[in-house]
Amino acid sequence: MNVAISFLKKPLVIALLLIVALLYLGESLSPGFASADQILRLLIVASLLGIVAAGQNVVILGGREGIDLSVGGVVSLSAIIAGNVMNGADGGILPAILACLAAGAFFGLLNGLGVTLLRIPPLVMTLGMLGVLQGLLVVIRNGIPSGRAAPGLSAFVTQPLVLGIPGIIWLWIAIGLFMAFMLNRTVFGHRIYAIGSNEHAAYMAGVPVRRMRIGLFMISGMFAAIAGLCLLGYSGSSFANVGEQYMLSSIIAVVFGGTSLAGGKGGYTGTMAGALLLVILQGILTTVNIDESGRQMVFGATLLLLMLFYGRGRAMRA
Amino acid sequence: MSKLKMNGVSKAYGATLALRRGDLEIAAGEVHVLMGSNGSGKSTLCKIIAGSVRPDGGEILIDGRTATITGPQSARAQGIGIFYQELSLAGHRSVEENICLAMLPVRAGMFIDRAALKARAARYIDLFAGVSGDGFAAETLVGNLRADQRQLVEIMKALASEAPILIFDEPTSALDRAQVDRFFDILRGLKSDGRGIIFISHRMDEITAIGDRVTIIRDGETIKTLNLNETDPGAVIRLMVGGAGDMPASRSSAPAVASFSTGAAMTVDKLSGAGFRNVSFEVAKGEILGLGGLHGQGQSAVLRAIFGAGAITSGGIRIGGDHFDAKSPRDAIRRGCAYVSGDRGRDGVIAGRPIIENVTPIHYLRDRLMIAHPSSLREKAMPALAAMHTKFASLLHPINSLSGGNQQKVIIARWLIDRPDVLLLDDPTKGIDLSAKADLFALIRQLAADGLGILLYSSEDAELLGNANRILVFNGGSVTRELIGEDRTRYNLYQAAYEAA
């Protein structure tokens with residue numbers, strides 16, 4: 001009995017149960033909501049969010065109030081860079097991937113340097129970076145055309161690839177396996193948890209804390225860049241601030257999945273469930289005709305509610 | 001009549017008796033000195049009087065009447081002022097505001113009366129005119145002051161309470177000669193006003209200069225009160241040490257290795273830095289070199305600086321024959337240096353993570369591992385944990401599920417997978433149980449026998465006397481005495497610790 005209760009209390013299990021419940025609710029509100037096609041579409045959208053949330057996840061796990069508010073800006077920038085580099089030609093996909101990863105890594109590096117060397121709190125540093133990126137987007141969009149996705153990229157994101165499942169979902173699964181391996185089976189992963197739960201002890205045990213933290217922000221930037229590229233494939237052409245929504249929703253997905261905002265506790269499997277849950281919730285809100293502003297309010301309230309349930313504890317410590 | 005009288009006051013924290021029996025009488029117009037070693041109960045006694053600790057038993061009389069002190073406010077209301085060893089100043093406020101913080105002069109019920117505040121603060125600032133140093137003014141922010149100046153502000157703040165009973169818990173630790181002389185002049189003035197003053201210091205010369213009577217505390221009990229002009233420092237120290245203080249360290253605690261022909265493990269030459277200066281010593285392979293003295297005299301600072309976690313301004317270190325100047329703990333670990341802190345919550349334990357991840361970080365670094373392979377790590381971790389007799393159910397349980405002693409064993413075990421050349425122990429047994437201590441010292445002696453050079457700082461003298469081949473006594477940041485062989489007695493250790501720096 002106790003085993004059953006503690007099993008049910010696991011955030012991951014709660015999230016999975018909620019996913020089933022929400023699908024059922026969606027189906028009863030609008031028949032066809034939980035059809036195979038529709039679920040596949042939800043999974044594609046969830047993959048995009050899940051990839052951004054992977055980077056958000058490692059930054060938050062690293063502790064010291066780690067958070068990356070600039071992911072939305074990087075997603076938008078990456079979509080524009082990718083659109084202009086490939087400009088509708090399949091031959092441009094590889095250069096576009098490299099250019100996006102480089103841009104993501106660069107802005108992640110700036111975040112990391114600001115947080116470690118200048119000791120700017122991550123919240124302020126990445127929020128400032130978001131402002132810089134938004135300004136940069138305006139400048140770029142006034143100068144050059146936004147470009148189009150290559151057909152190969154669009155197919156990868158929207159068309160079935162293997163077993164009737166689109167490439168991006170396979171990519172998400174691969175990222176899930178990669179994250180699980182990195183966090184549990186590599187020295188780097190163990191060190192993420194170490195600096196997240198006791199930075200000073202980690203430092204005294206020889207963990208290169210600064211370099212680690214810079215690396216985490218770079219990873220976050222690169223994941224956001226990959227998501228931006230895929231988002232271009234999903235929508236065909238990039239438009240202003242396509243990535244805006246990912247700031248709040250990536251944080252919610254991470255917290256939903258049981259990762260503590262105080263760092264050092266959690267993992268990516270839960271985050272994947274959290275991303276899926278959030279996308280289904282978004283679908284239901286759309287089904288019942290709640291507009292974008294209403295959805296944002298629901299998302300914000302969800303995050304606060306989640307904090308009430310299991311995000312607090314250590315985050316509130318003095 | 002006595003200003004303050006305590007009869008049989010006691011205080012326990014869980015199973016530990018911090019104060020077994022406190023009897024104390026402070027007369028009007030006297031400076032009453034409290035003496036005792038680290039952890040003997042002096043601070044607990046003071047905190048009870050100041051109201052920040054509630055006693056379990058006994059009675060307190062103020063001016064002959066039974067008093068109940070419910071908290072710091074109540075103590076102040078009943079005429080008790082205290083100087084706190086850990087300064088209690090607001091760094092972002094000015095000197096004058098800090099001095100008047102406890103009782104801000106108020107006008108019309110809500111506005112601070114600036115003029116009155118200035119006038120009142122000036123009285124106490126003027127007391128130290130000429131010795132308070134450069135940059136000291138009523139308007140200076142306390143956060144911009146030097147350590148000695150901050151200590152002066154704390155003294156002024158205590159004086160401003162104008163309390164009939166004043167407690168000074170190590171008020172002179174950062175002051176220079178001129179400042180101490182001025183402070184003592186002020187204390188003499190207070191004495192002639194008929195105030196009762198409790199004074200704690202670890203400098204014997206200060207105690208004989210200002211004190212009238214001394215009460216000695218040992219193991220949580222007030223042993224004896226003496227008139228200082230009828231006694232000598234040796235007698236006071238003998239009382240603090242207790243019965244067998246003159247006996248040399250017992251035969252059973254013979255050094256782990258009798259002679260070291262194997263050469264130096266570490267040489268430290270004229271090392272200076274934050275909290276210590278001009279420290280030189282050599283520790284041989286197989287030797288346990290003890291660092292003794294009162295708490296906070298530079299022992300931890302030296303160890304942390306060697307390990308790359310504290311600043312070094314001059315001097316040199318060599319490990320084996322190589323020049324050693326670690327810029328960070330990471331650097332130090334790579335070059336064969338290990339450090340175990342007594343503050344395991346801050347420096348050691350990776351809370352919430354499995355035991356295995358708390359054993360392996362040093363191994364990761366020394367072996368430049370990338371992949372954490374569970375079964376091979378398990379093979380490395382098990383013998384290390386077994387060498388410490390660590391009790392645990394599973395390597396995957398979080399370290400928090402263990403007792404304090406077992407947590408510390410896990411922290412020490414992390415240094416046993418890849419053996420270092422030099423082991424720095426910074427009060428490693430703080431807050432752990434007796435059997436864990438015994439296991440720890442058995443292991444330390446074994447490591448010495450295996451040829452490691454070991455530096456051991458301990459706040460418990462018995463641990464130093466029982467395990468160290470030599471003891472360097474620290475006082476005010478430098479080594480003032482070296483105790484070898486038959487000289488390693490409690491008496492000598494205390495005497496060196498309490499000598500004027």
# chains A, B, ... in the order shown; residues from 1 in each chain; ligands from 1

$ interface_residues --of "chain A" --to "chain B" --cutoff "8 Å" --atoms "only C-alpha atoms" --output "PyMOL selection string"
chain A and resi 184-188+190+193-194+197-198+200-208+264-265

$ residues_around --residues "Asn111 (chain A)" --least-positions-apart "2" --cutoff "12 Å" --atoms "only C-alpha atoms" --output "ChimeraX atom specification"
/A:59,66-71,74,104-109,113-130,132-133,213-221

$ closest_atom_pairs --of "region 97-182 of chain B" --to "region 196-199 of chain B" --cutoff "9 Å" --atoms "only C-alpha atoms" --output "CSV"
residue,atom,partner,partner_atom,distance
B:Pro164,CA,B:Gly196,CA,6.3
B:Ile165,CA,B:Gly196,CA,4.8
B:Leu166,CA,B:Ile197,CA,4.8
B:Ile167,CA,B:Ile198,CA,4.6
B:Phe168,CA,B:Phe199,CA,4.9
B:Asp169,CA,B:Phe199,CA,6.2
B:Glu170,CA,B:Phe199,CA,7.4
B:Pro171,CA,B:Phe199,CA,8.2

$ write_last_selection --atoms "C-alpha atoms" --output "PDB file, in the first residue's frame"
ATOM      1  CA  PRO B 164      24.856  48.316  34.698  1.00  0.00           C
ATOM      2  CA  ILE B 165      26.043  44.837  33.707  1.00  0.00           C
ATOM      3  CA  LEU B 166      28.251  44.590  30.618  1.00  0.00           C
ATOM      4  CA  ILE B 167      29.489  41.426  28.922  1.00  0.00           C
ATOM      5  CA  PHE B 168      32.480  41.547  26.563  1.00  0.00           C
ATOM      6  CA  ASP B 169      33.024  38.270  24.703  1.00  0.00           C
ATOM      7  CA  GLU B 170      36.523  38.510  23.145  1.00  0.00           C
ATOM      8  CA  PRO B 171      36.322  42.248  22.445  1.00  0.00           C
TER       9      PRO B 171
END

$ closest_residue --among "A:Ile195, A:Ala262, A:Leu98, A:Leu276" --to "Ile169 (chain A)" --atoms "only C-alpha atoms"
A:Leu276

$ residues_around --residues "Ala178 (chain B)" --least-positions-apart "6" --cutoff "12 Å" --atoms "only C-alpha atoms" --output "PyMOL selection string"
chain B and resi 128-133+148+172+184-185

$ write_last_selection --atoms "C-alpha atoms" --output "CSV table (one decimal), in the first residue's frame"
chain,number,residue,atom,x,y,z
B,128,PHE,CA,38.2,56.4,21.1
B,129,ALA,CA,39.4,59.6,19.5
B,130,GLY,CA,42.9,59.3,18.2
B,131,VAL,CA,43.1,55.5,18.1
B,132,SER,CA,40.2,54.7,15.8
B,133,GLY,CA,42.4,54.9,12.7
B,148,ASP,CA,39.5,46.5,14.0
B,172,THR,CA,40.0,42.7,21.7
B,184,PHE,CA,41.0,49.3,29.2
B,185,ASP,CA,41.1,53.0,30.4

$ closest_residue --among "B:Val153, B:Leu303, B:Ile210, B:Leu395" --to "Gly91 (chain B)" --atoms "only C-alpha atoms"
B:Val153

$ residues_around --residues "region 211-215 of chain B" --least-positions-apart "4" --cutoff "12 Å" --atoms "only C-alpha atoms" --output "PyMOL selection string"
chain B and resi 22-36+41-42+45+184+187-188+191+196-201+203-207+221-233+235-237+239-240

$ select_by_dssp --residues "region 120-260 of chain B" --states "helix (DSSP H, G or I)" --output "PyMOL selection string"
chain B and resi 120-127+142-144+147-160+177-192+204-210+228-230+233-241+251-253

$ atom_distance --atom1 "CA of Glu292 (chain A)" --atom2 "CA of Gln159 (chain A)"
26.8 Å

$ residues_around --residues "Leu87 (chain B)" --least-positions-apart "3" --cutoff "8 Å" --atoms "only C-alpha atoms" --output "list in words"
Phe83, Tyr84, Arg150, Gln151 and Glu154 of chain B

$ residues_around --residues "Lys409 (chain B)" --least-positions-apart "3" --cutoff "7 Å" --atoms "only C-alpha atoms" --output "MDAnalysis selection string"
chainID B and resid 388 390 405:406 412:413

$ write_last_selection --atoms "N, CA and C atoms" --output "CSV table (one decimal), in the first residue's frame"
chain,number,residue,atom,x,y,z
B,388,MET,N,36.8,2.7,6.1
B,388,MET,CA,36.3,3.6,7.1
B,388,MET,C,35.2,2.9,8.0
B,390,THR,N,32.2,2.2,7.1
B,390,THR,CA,31.0,3.0,6.9
B,390,THR,C,29.8,2.1,6.9
B,405,GLY,N,28.2,11.1,11.5
B,405,GLY,CA,29.5,10.4,11.5
B,405,GLY,C,29.7,9.6,10.3
B,406,ASN,N,28.7,8.9,9.8
B,406,ASN,CA,28.8,8.1,8.6
B,406,ASN,C,28.9,9.0,7.3
B,412,ILE,N,35.4,11.3,3.7
B,412,ILE,CA,36.8,10.9,3.8
B,412,ILE,C,37.2,9.8,2.8
B,413,ALA,N,36.2,8.8,2.6
B,413,ALA,CA,36.4,7.7,1.7
B,413,ALA,C,36.7,8.2,0.3
